[in-house]
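What follows is a short report on a single structure.
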Amino acid sequence: MLNDAPVNVWDRELEELFLRIGSRFTRIEPRRRMRDYVRGLLAPVGRKNGWQLAEWAGHATPDGLQYL
């Protein structure tokens, strides 16, 4: 049986981190892109480039993540 407790702890800690550093971004869009970018870097994505991270996060193009 898989224990999800460590995953839940990581998820909660990441959300707290995003809340702490989110104030550095004046608008909600860059905050969301930053969150998507970091989660993409930590995700099991084969290659960590703009297109793969954008696709994993559900973005149509990597423009927003690359601009970030």
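Ordering of the structure tokens sets the chain letters (A, B, ...), residue numbers begin anew at 1 in every chain, and ligands are numbered from 1 in the order given.
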
Legend entry - Filtered DSSP result for chain A, state helix (DSSP H, G or I), as JSON, numbers by chain: {"A": [5, 6, 7, 8, 9, 10, 11, 12, 13, 14, 15, 16, 17, 18, 19, 20, 21, 22, 23, 24, 28, 29, 30, 31, 32, 33, 34, 35, 36, 37, 38, 39, 40, 41, 42, 50, 51, 52, 53, 54, 55, 56, 57, 63, 64, 65, 66, 67]}

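The smallest atom-to-atom distance between A:Pro62 and any of A:Pro6, A:Ile21, A:Asp36, A:Gly50, using only C-alpha atoms, is found for A:Gly50.
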
A straight line from atom CA of A:Glu13 to atom CA of A:Thr26 spans 22.1 Å

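Among the candidates A:Ala57, A:Glu29, A:Tyr67, A:Trp10, the one nearest to A:Val45 when counting only C-alpha atoms is A:Ala57.
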
Legend entry - Best match for closeness to A:Arg35 among A:Val9, A:Lys48, A:Leu68, A:Thr61, counting only C-alpha atoms: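 Once distances to A:Arg35 are computed over only C-alpha atoms, the minimum belongs to A:Leu68.
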
By how many Å are atom CA of A:Pro30 and atom CA of A:Arg47 apart?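 Answer for the atom CA of A:Pro30 to atom CA of A:Arg47 separation: 22.5 Å.
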
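If only C-alpha atoms are the atoms counted, then among A:Phe25, A:Tyr37, A:Phe18, A:Trp51 the closest residue to A:Asp63 is A:Trp51.
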
query = Within 9 Å of A:Trp56, counting only C-alpha atoms, which residues qualify if same-chain residues fewer than 2 places away don't, as an MDAnalysis selection string?
reply = chainID A and resid 36 40 43 45 51:54 58:59

Deliver the residues from the most recent selection as a file, using all heavy atoms, as a PDB file, in the first residue's frame.
```pdb
ATOM      1  N   ASP A  36       3.198  27.150 -11.412  1.00  0.00           N
ATOM      2  CA  ASP A  36       3.209  26.114 -12.446  1.00  0.00           C
ATOM      3  C   ASP A  36       4.636  25.725 -12.820  1.00  0.00           C
ATOM      4  O   ASP A  36       4.940  24.551 -13.027  1.00  0.00           O
ATOM      5  CB  ASP A  36       2.464  26.588 -13.697  1.00  0.00           C
ATOM      6  CG  ASP A  36       0.971  26.730 -13.470  1.00  0.00           C
ATOM      7  OD1 ASP A  36       0.453  26.198 -12.468  1.00  0.00           O
ATOM      8  OD2 ASP A  36       0.321  27.389 -14.312  1.00  0.00           O
ATOM      9  N   GLY A  40       6.216  22.158 -12.215  1.00  0.00           N
ATOM     10  CA  GLY A  40       6.693  21.449 -13.397  1.00  0.00           C
ATOM     11  C   GLY A  40       8.120  20.954 -13.233  1.00  0.00           C
ATOM     12  O   GLY A  40       8.458  19.844 -13.655  1.00  0.00           O
ATOM     13  N   ALA A  43       7.965  17.933 -11.137  1.00  0.00           N
ATOM     14  CA  ALA A  43       7.121  16.862 -11.670  1.00  0.00           C
ATOM     15  C   ALA A  43       7.951  15.858 -12.478  1.00  0.00           C
ATOM     16  O   ALA A  43       9.063  16.159 -12.906  1.00  0.00           O
ATOM     17  CB  ALA A  43       6.036  17.460 -12.561  1.00  0.00           C
ATOM     18  N   VAL A  45       8.398  15.099 -15.432  1.00  0.00           N
ATOM     19  CA  VAL A  45       8.370  15.478 -16.846  1.00  0.00           C
ATOM     20  C   VAL A  45       9.675  14.998 -17.459  1.00  0.00           C
ATOM     21  O   VAL A  45      10.747  15.192 -16.869  1.00  0.00           O
ATOM     22  CB  VAL A  45       8.218  17.018 -16.997  1.00  0.00           C
ATOM     23  CG1 VAL A  45       8.236  17.426 -18.449  1.00  0.00           C
ATOM     24  CG2 VAL A  45       6.942  17.492 -16.323  1.00  0.00           C
ATOM     25  N   TRP A  51       8.479  24.103 -23.494  1.00  0.00           N
ATOM     26  CA  TRP A  51       7.300  23.455 -24.081  1.00  0.00           C
ATOM     27  C   TRP A  51       6.769  22.342 -23.200  1.00  0.00           C
ATOM     28  O   TRP A  51       5.574  22.247 -22.946  1.00  0.00           O
ATOM     29  CB  TRP A  51       7.621  22.912 -25.474  1.00  0.00           C
ATOM     30  CG  TRP A  51       7.474  23.950 -26.535  1.00  0.00           C
ATOM     31  CD1 TRP A  51       8.481  24.590 -27.190  1.00  0.00           C
ATOM     32  CD2 TRP A  51       6.251  24.489 -27.050  1.00  0.00           C
ATOM     33  NE1 TRP A  51       7.959  25.497 -28.072  1.00  0.00           N
ATOM     34  CE2 TRP A  51       6.593  25.452 -28.019  1.00  0.00           C
ATOM     35  CE3 TRP A  51       4.912  24.259 -26.779  1.00  0.00           C
ATOM     36  CZ2 TRP A  51       5.650  26.175 -28.717  1.00  0.00           C
ATOM     37  CZ3 TRP A  51       3.960  24.980 -27.485  1.00  0.00           C
ATOM     38  CH2 TRP A  51       4.329  25.923 -28.447  1.00  0.00           C
ATOM     39  N   GLN A  52       7.652  21.473 -22.711  1.00  0.00           N
ATOM     40  CA  GLN A  52       7.185  20.356 -21.884  1.00  0.00           C
ATOM     41  C   GLN A  52       6.576  20.843 -20.567  1.00  0.00           C
ATOM     42  O   GLN A  52       5.558  20.316 -20.118  1.00  0.00           O
ATOM     43  CB  GLN A  52       8.316  19.360 -21.604  1.00  0.00           C
ATOM     44  CG  GLN A  52       8.491  18.320 -22.677  1.00  0.00           C
ATOM     45  CD  GLN A  52       9.209  18.856 -23.903  1.00  0.00           C
ATOM     46  OE1 GLN A  52       9.874  19.875 -23.854  1.00  0.00           O
ATOM     47  NE2 GLN A  52       9.071  18.167 -25.018  1.00  0.00           N
ATOM     48  N   LEU A  53       7.198  21.855 -19.951  1.00  0.00           N
ATOM     49  CA  LEU A  53       6.649  22.384 -18.708  1.00  0.00           C
ATOM     50  C   LEU A  53       5.300  23.053 -18.954  1.00  0.00           C
ATOM     51  O   LEU A  53       4.367  22.898 -18.156  1.00  0.00           O
ATOM     52  CB  LEU A  53       7.623  23.370 -18.065  1.00  0.00           C
ATOM     53  CG  LEU A  53       8.929  22.771 -17.541  1.00  0.00           C
ATOM     54  CD1 LEU A  53       9.822  23.866 -16.989  1.00  0.00           C
ATOM     55  CD2 LEU A  53       8.669  21.705 -16.504  1.00  0.00           C
ATOM     56  N   ALA A  54       5.181  23.788 -20.049  1.00  0.00           N
ATOM     57  CA  ALA A  54       3.912  24.449 -20.371  1.00  0.00           C
ATOM     58  C   ALA A  54       2.821  23.419 -20.650  1.00  0.00           C
ATOM     59  O   ALA A  54       1.689  23.565 -20.179  1.00  0.00           O
ATOM     60  CB  ALA A  54       4.096  25.376 -21.562  1.00  0.00           C
ATOM     61  N   GLY A  58      -0.644  22.720 -18.547  1.00  0.00           N
ATOM     62  CA  GLY A  58      -1.912  22.979 -19.210  1.00  0.00           C
ATOM     63  C   GLY A  58      -1.957  24.281 -19.984  1.00  0.00           C
ATOM     64  O   GLY A  58      -3.032  24.723 -20.377  1.00  0.00           O
ATOM     65  N   HIS A  59      -0.809  24.888 -20.226  1.00  0.00           N
ATOM     66  CA  HIS A  59      -0.746  26.124 -21.002  1.00  0.00           C
ATOM     67  C   HIS A  59      -0.702  25.788 -22.495  1.00  0.00           C
ATOM     68  O   HIS A  59      -0.146  24.766 -22.890  1.00  0.00           O
ATOM     69  CB  HIS A  59       0.498  26.938 -20.637  1.00  0.00           C
ATOM     70  CG  HIS A  59       0.518  27.388 -19.211  1.00  0.00           C
ATOM     71  ND1 HIS A  59       0.180  28.660 -18.838  1.00  0.00           N
ATOM     72  CD2 HIS A  59       0.841  26.736 -18.070  1.00  0.00           C
ATOM     73  CE1 HIS A  59       0.287  28.775 -17.524  1.00  0.00           C
ATOM     74  NE2 HIS A  59       0.692  27.614 -17.042  1.00  0.00           N
TER      75      HIS A  59
END
```
